[in-house]
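Chemist: See structure37.cif below, with mmCIF, N, CA and C atoms.
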data_protein
loop_
_atom_site.group_PDB
_atom_site.id
_atom_site.type_symbol
_atom_site.label_atom_id
_atom_site.label_comp_id
_atom_site.auth_asym_id
_atom_site.auth_seq_id
_atom_site.Cartn_x
_atom_site.Cartn_y
_atom_site.Cartn_z
ATOM 1 N N MET Q 1 -73.132 239.932 -70.648
ATOM 2 C CA MET Q 1 -72.885 240.959 -71.632
ATOM 3 C C MET Q 1 -71.483 241.508 -71.397
ATOM 4 N N ARG Q 2 -70.845 241.857 -72.445
ATOM 5 C CA ARG Q 2 -69.482 242.374 -72.373
ATOM 6 C C ARG Q 2 -69.497 243.808 -72.898
ATOM 7 N N THR Q 3 -68.708 244.666 -72.239
ATOM 8 C CA THR Q 3 -68.601 246.053 -72.678
ATOM 9 C C THR Q 3 -67.192 246.554 -72.400
ATOM 10 N N THR Q 4 -66.861 247.682 -72.960
ATOM 11 C CA THR Q 4 -65.555 248.296 -72.761
ATOM 12 C C THR Q 4 -65.760 249.666 -72.142
ATOM 13 N N ILE Q 5 -64.993 249.947 -71.094
ATOM 14 C CA ILE Q 5 -65.045 251.279 -70.481
ATOM 15 C C ILE Q 5 -63.614 251.778 -70.307
ATOM 16 N N ASP Q 6 -63.464 253.086 -70.294
ATOM 17 C CA ASP Q 6 -62.161 253.698 -70.054
ATOM 18 C C ASP Q 6 -62.071 254.085 -68.587
ATOM 19 N N ILE Q 7 -61.054 253.565 -67.900
ATOM 20 C CA ILE Q 7 -60.817 253.874 -66.493
ATOM 21 C C ILE Q 7 -59.426 254.489 -66.405
ATOM 22 N N PRO Q 8 -59.315 255.658 -65.804
ATOM 23 C CA PRO Q 8 -57.987 256.265 -65.651
ATOM 24 C C PRO Q 8 -57.038 255.306 -64.924
ATOM 25 N N ASP Q 9 -55.756 255.368 -65.271
ATOM 26 C CA ASP Q 9 -54.760 254.445 -64.724
ATOM 27 C C ASP Q 9 -54.776 254.380 -63.197
ATOM 28 N N GLN Q 10 -54.806 255.539 -62.555
ATOM 29 C CA GLN Q 10 -54.768 255.573 -61.092
ATOM 30 C C GLN Q 10 -56.008 254.889 -60.502
ATOM 31 N N ALA Q 11 -57.175 255.152 -61.061
ATOM 32 C CA ALA Q 11 -58.400 254.517 -60.581
ATOM 33 C C ALA Q 11 -58.367 253.016 -60.836
ATOM 34 N N HIS Q 12 -57.832 252.605 -61.972
ATOM 35 C CA HIS Q 12 -57.719 251.182 -62.295
ATOM 36 C C HIS Q 12 -56.828 250.460 -61.275
ATOM 37 N N ARG Q 13 -55.719 251.082 -60.920
ATOM 38 C CA ARG Q 13 -54.828 250.481 -59.924
ATOM 39 C C ARG Q 13 -55.531 250.335 -58.574
ATOM 40 N N ARG Q 14 -56.260 251.385 -58.164
ATOM 41 C CA ARG Q 14 -56.967 251.326 -56.878
ATOM 42 C C ARG Q 14 -58.044 250.245 -56.898
ATOM 43 N N LEU Q 15 -58.779 250.143 -58.006
ATOM 44 C CA LEU Q 15 -59.837 249.134 -58.116
ATOM 45 C C LEU Q 15 -59.252 247.723 -58.115
ATOM 46 N N LYS Q 16 -58.148 247.517 -58.833
ATOM 47 C CA LYS Q 16 -57.502 246.201 -58.841
ATOM 48 C C LYS Q 16 -57.015 245.817 -57.443
ATOM 49 N N GLN Q 17 -56.446 246.774 -56.727
ATOM 50 C CA GLN Q 17 -55.975 246.507 -55.365
ATOM 51 C C GLN Q 17 -57.150 246.154 -54.450
ATOM 52 N N LEU Q 18 -58.255 246.880 -54.582
ATOM 53 C CA LEU Q 18 -59.437 246.607 -53.768
ATOM 54 C C LEU Q 18 -60.012 245.230 -54.093
ATOM 55 N N ALA Q 19 -60.086 244.908 -55.370
ATOM 56 C CA ALA Q 19 -60.591 243.593 -55.778
ATOM 57 C C ALA Q 19 -59.713 242.490 -55.202
ATOM 58 N N GLN Q 20 -58.405 242.653 -55.288
ATOM 59 C CA GLN Q 20 -57.479 241.657 -54.764
ATOM 60 C C GLN Q 20 -57.639 241.517 -53.248
ATOM 61 N N ALA Q 21 -57.794 242.641 -52.551
ATOM 62 C CA ALA Q 21 -57.952 242.605 -51.100
ATOM 63 C C ALA Q 21 -59.242 241.894 -50.696
ATOM 64 N N LYS Q 22 -60.261 241.985 -51.539
ATOM 65 C CA LYS Q 22 -61.538 241.331 -51.253
ATOM 66 C C LYS Q 22 -61.603 239.910 -51.806
ATOM 67 N N GLY Q 23 -60.541 239.501 -52.499
ATOM 68 C CA GLY Q 23 -60.496 238.152 -53.037
ATOM 69 C C GLY Q 23 -61.440 237.925 -54.204
ATOM 70 N N MET Q 24 -61.642 238.953 -55.021
ATOM 71 C CA MET Q 24 -62.524 238.824 -56.186
ATOM 72 C C MET Q 24 -61.849 239.436 -57.398
ATOM 73 N N ASN Q 25 -62.408 239.145 -58.571
ATOM 74 C CA ASN Q 25 -61.845 239.747 -59.777
ATOM 75 C C ASN Q 25 -62.437 241.139 -59.978
ATOM 76 N N LEU Q 26 -61.853 241.868 -60.891
ATOM 77 C CA LEU Q 26 -62.263 243.258 -61.118
ATOM 78 C C LEU Q 26 -63.710 243.347 -61.584
ATOM 79 N N GLY Q 27 -64.145 242.430 -62.444
ATOM 80 C CA GLY Q 27 -65.521 242.451 -62.934
ATOM 81 C C GLY Q 27 -66.530 242.282 -61.818
ATOM 82 N N THR Q 28 -66.268 241.347 -60.906
ATOM 83 C CA THR Q 28 -67.170 241.123 -59.775
ATOM 84 C C THR Q 28 -67.199 242.340 -58.870
ATOM 85 N N LEU Q 29 -66.033 242.933 -58.647
ATOM 86 C CA LEU Q 29 -65.973 244.143 -57.819
ATOM 87 C C LEU Q 29 -66.800 245.265 -58.442
ATOM 88 N N LEU Q 30 -66.642 245.483 -59.752
ATOM 89 C CA LEU Q 30 -67.386 246.555 -60.410
ATOM 90 C C LEU Q 30 -68.890 246.298 -60.371
ATOM 91 N N LEU Q 31 -69.291 245.030 -60.507
ATOM 92 C CA LEU Q 31 -70.708 244.695 -60.406
ATOM 93 C C LEU Q 31 -71.231 244.991 -59.000
ATOM 94 N N THR Q 32 -70.466 244.598 -57.998
ATOM 95 C CA THR Q 32 -70.870 244.845 -56.614
ATOM 96 C C THR Q 32 -70.978 246.341 -56.334
ATOM 97 N N LEU Q 33 -69.986 247.105 -56.775
ATOM 98 C CA LEU Q 33 -70.008 248.552 -56.553
ATOM 99 C C LEU Q 33 -71.156 249.227 -57.298
ATOM 100 N N SER Q 34 -71.436 248.785 -58.519
ATOM 101 C CA SER Q 34 -72.537 249.398 -59.268
ATOM 102 C C SER Q 34 -73.874 249.063 -58.622
ATOM 103 N N ASP Q 35 -74.037 247.836 -58.107
ATOM 104 C CA ASP Q 35 -75.270 247.476 -57.406
ATOM 105 C C ASP Q 35 -75.448 248.331 -56.154
ATOM 106 N N GLN Q 36 -74.360 248.558 -55.431
ATOM 107 C CA GLN Q 36 -74.440 249.416 -54.249
ATOM 108 C C GLN Q 36 -74.860 250.830 -54.632
ATOM 109 N N ALA Q 37 -74.309 251.346 -55.716
ATOM 110 C CA ALA Q 37 -74.647 252.691 -56.171
ATOM 111 C C ALA Q 37 -76.113 252.787 -56.582
ATOM 112 N N LEU Q 38 -76.662 251.674 -57.093
ATOM 113 C CA LEU Q 38 -78.064 251.654 -57.512
ATOM 114 C C LEU Q 38 -79.013 251.296 -56.366
ATOM 115 N N GLY Q 39 -78.452 251.043 -55.198
ATOM 116 C CA GLY Q 39 -79.285 250.710 -54.048
ATOM 117 C C GLY Q 39 -79.733 249.264 -54.026
ATOM 118 N N LEU Q 40 -79.043 248.398 -54.766
ATOM 119 C CA LEU Q 40 -79.381 246.977 -54.773
ATOM 120 C C LEU Q 40 -78.473 246.247 -53.804
ATOM 121 N N ASN Q 41 -79.003 245.203 -53.198
ATOM 122 C CA ASN Q 41 -78.211 244.391 -52.287
ATOM 123 C C ASN Q 41 -77.971 243.053 -52.964
ATOM 124 N N THR Q 42 -76.785 242.868 -53.542
ATOM 125 C CA THR Q 42 -76.483 241.661 -54.301
ATOM 126 C C THR Q 42 -75.419 240.842 -53.601
ATOM 127 N N ASP Q 43 -75.672 239.551 -53.504
ATOM 128 C CA ASP Q 43 -74.666 238.623 -52.993
ATOM 129 C C ASP Q 43 -73.948 238.040 -54.201
ATOM 130 N N PRO Q 44 -72.663 238.396 -54.431
ATOM 131 C CA PRO Q 44 -71.977 237.939 -55.647
ATOM 132 C C PRO Q 44 -71.809 236.425 -55.735
ATOM 133 N N THR Q 45 -71.874 235.711 -54.602
ATOM 134 C CA THR Q 45 -71.696 234.264 -54.654
ATOM 135 C C THR Q 45 -72.963 233.546 -55.077
ATOM 136 N N THR Q 46 -74.131 234.094 -54.736
ATOM 137 C CA THR Q 46 -75.393 233.433 -55.079
ATOM 138 C C THR Q 46 -76.139 234.124 -56.205
ATOM 139 N N GLY Q 47 -75.835 235.401 -56.454
ATOM 140 C CA GLY Q 47 -76.563 236.148 -57.469
ATOM 141 C C GLY Q 47 -77.897 236.672 -56.977
ATOM 142 N N LEU Q 48 -78.193 236.509 -55.676
ATOM 143 C CA LEU Q 48 -79.460 237.017 -55.150
ATOM 144 C C LEU Q 48 -79.415 238.529 -55.033
ATOM 145 N N ILE Q 49 -80.460 239.163 -55.547
ATOM 146 C CA ILE Q 49 -80.576 240.615 -55.511
ATOM 147 C C ILE Q 49 -81.856 240.952 -54.764
ATOM 148 N N ARG Q 50 -81.775 241.826 -53.766
ATOM 149 C CA ARG Q 50 -82.964 242.274 -53.046
ATOM 150 C C ARG Q 50 -83.338 243.652 -53.574
ATOM 151 N N SER Q 51 -84.554 243.782 -54.057
ATOM 152 C CA SER Q 51 -85.027 245.052 -54.582
ATOM 153 C C SER Q 51 -85.175 246.058 -53.450
ATOM 154 N N PRO Q 52 -84.621 247.265 -53.604
ATOM 155 C CA PRO Q 52 -84.797 248.270 -52.558
ATOM 156 C C PRO Q 52 -86.227 248.802 -52.505
ATOM 157 N N VAL Q 53 -86.980 248.606 -53.569
ATOM 158 C CA VAL Q 53 -88.361 249.104 -53.631
ATOM 159 C C VAL Q 53 -89.332 248.113 -53.014
ATOM 160 N N THR Q 54 -89.263 246.837 -53.458
ATOM 161 C CA THR Q 54 -90.237 245.849 -53.010
ATOM 162 C C THR Q 54 -89.708 244.956 -51.894
ATOM 163 N N GLY Q 55 -88.383 244.824 -51.791
ATOM 164 C CA GLY Q 55 -87.805 243.910 -50.825
ATOM 165 C C GLY Q 55 -87.770 242.469 -51.308
ATOM 166 N N PHE Q 56 -88.344 242.194 -52.491
ATOM 167 C CA PHE Q 56 -88.352 240.845 -53.030
ATOM 168 C C PHE Q 56 -86.964 240.462 -53.520
ATOM 169 N N LEU Q 57 -86.671 239.157 -53.449
ATOM 170 C CA LEU Q 57 -85.405 238.639 -53.946
ATOM 171 C C LEU Q 57 -85.535 238.247 -55.408
ATOM 172 N N LYS Q 58 -84.474 238.496 -56.165
ATOM 173 C CA LYS Q 58 -84.377 238.041 -57.551
ATOM 174 C C LYS Q 58 -83.131 237.181 -57.647
ATOM 175 N N LEU Q 59 -83.202 236.131 -58.428
ATOM 176 C CA LEU Q 59 -82.050 235.268 -58.644
ATOM 177 C C LEU Q 59 -81.533 235.491 -60.051
ATOM 178 N N SER Q 60 -80.264 235.833 -60.156
ATOM 179 C CA SER Q 60 -79.638 236.009 -61.457
ATOM 180 C C SER Q 60 -79.097 234.663 -61.918
ATOM 181 N N VAL Q 61 -79.668 234.134 -63.014
ATOM 182 C CA VAL Q 61 -79.222 232.837 -63.532
ATOM 183 C C VAL Q 61 -78.438 232.992 -64.827
ATOM 184 N N GLY Q 62 -78.206 234.217 -65.241
ATOM 185 C CA GLY Q 62 -77.397 234.457 -66.424
ATOM 186 C C GLY Q 62 -78.180 234.503 -67.719
ATOM 187 N N ARG Q 63 -79.459 234.116 -67.663
ATOM 188 C CA ARG Q 63 -80.298 234.158 -68.860
ATOM 189 C C ARG Q 63 -81.756 234.149 -68.403
ATOM 190 N N PRO Q 64 -82.660 234.617 -69.237
ATOM 191 C CA PRO Q 64 -84.078 234.564 -68.866
ATOM 192 C C PRO Q 64 -84.564 233.118 -68.797
ATOM 193 N N VAL Q 65 -85.444 232.847 -67.851
ATOM 194 C CA VAL Q 65 -86.067 231.531 -67.732
ATOM 195 C C VAL Q 65 -87.344 231.569 -68.563
ATOM 196 N N THR Q 66 -87.531 230.561 -69.418
ATOM 197 C CA THR Q 66 -88.682 230.551 -70.325
ATOM 198 C C THR Q 66 -89.924 230.019 -69.620
ATOM 199 N N PRO Q 67 -91.108 230.405 -70.119
ATOM 200 C CA PRO Q 67 -92.348 229.854 -69.565
ATOM 201 C C PRO Q 67 -92.391 228.322 -69.649
ATOM 202 N N ALA Q 68 -91.821 227.760 -70.704
ATOM 203 C CA ALA Q 68 -91.809 226.300 -70.848
ATOM 204 C C ALA Q 68 -90.992 225.659 -69.728
ATOM 205 N N GLU Q 69 -89.868 226.281 -69.352
ATOM 206 C CA GLU Q 69 -89.056 225.752 -68.259
ATOM 207 C C GLU Q 69 -89.811 225.808 -66.943
ATOM 208 N N LEU Q 70 -90.527 226.907 -66.729
ATOM 209 C CA LEU Q 70 -91.320 227.019 -65.501
ATOM 210 C C LEU Q 70 -92.430 225.969 -65.472
ATOM 211 N N LYS Q 71 -93.084 225.764 -66.608
ATOM 212 C CA LYS Q 71 -94.164 224.782 -66.698
ATOM 213 C C LYS Q 71 -93.627 223.383 -66.408
ATOM 214 N N SER Q 72 -92.439 223.067 -66.909
ATOM 215 C CA SER Q 72 -91.877 221.741 -66.687
ATOM 216 C C SER Q 72 -91.597 221.476 -65.216
ATOM 217 N N LEU Q 73 -91.378 222.528 -64.449
ATOM 218 C CA LEU Q 73 -91.163 222.365 -63.018
ATOM 219 C C LEU Q 73 -92.445 222.001 -62.295
ATOM 220 N N ASP Q 74 -93.576 222.437 -62.830
ATOM 221 C CA ASP Q 74 -94.874 222.121 -62.231
ATOM 222 C C ASP Q 74 -95.285 220.675 -62.471
ATOM 223 N N GLU Q 75 -94.749 220.063 -63.505
ATOM 224 C CA GLU Q 75 -95.169 218.717 -63.876
ATOM 225 C C GLU Q 75 -94.508 217.641 -63.074
#
Let me see the file written as structure tokens.
Modeler:
Amino acid sequence: MRTTIDIPDQAHRRLKQLAQAKGMNLGTLLLTLSDQALGLNTDPTTGLIRSPVTGFLKLSVGRPVTPAELKSLDE
């Protein structure tokens, strides 16, 4: 999903510098920071998210997996 947000110039510069220092793009940095703020533990390279409530892992594949796809794996 794509969205637009307004970030003050000074904050934008600091975020870009932090992203560069971590070797990631600004979008990945913002995703990582928002997950931390929400109490989620996300690995940006694998997309694995650990729920702070249940402790279960979730895999982000970029789209919902359909029941038909799951069924085909059983066959």
Chemist: Which distance in Å separates atom CA of Q:Arg63 and atom CA of Q:Ile7, to one decimal?
Modeler: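 Atom-to-atom, atom CA of Q:Arg63 to atom CA of Q:Ile7, that is 27.8 Å.
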Chemist: DSSP on the backbone: which residues in chain Q end up as strand (DSSP E or B)? Give the answer as a list in words.
Modeler: Asn41, Thr42, Leu48, Ile49, Arg50, Leu57, Lys58 and Leu59 of chain Q
Chemist: Can you pull out every residue within 12 Å of Q:Lys16, counting only C-alpha atoms, but drop anything in the same chain fewer than 2 positions away, and send it as a PyMOL selection string?
Modeler: chain Q and resi 7+9-14+18-30
Chemist: Any idea what the distance is between atom N of Q:Leu70 and atom C of Q:Lys58?
Modeler: 15.6 Å
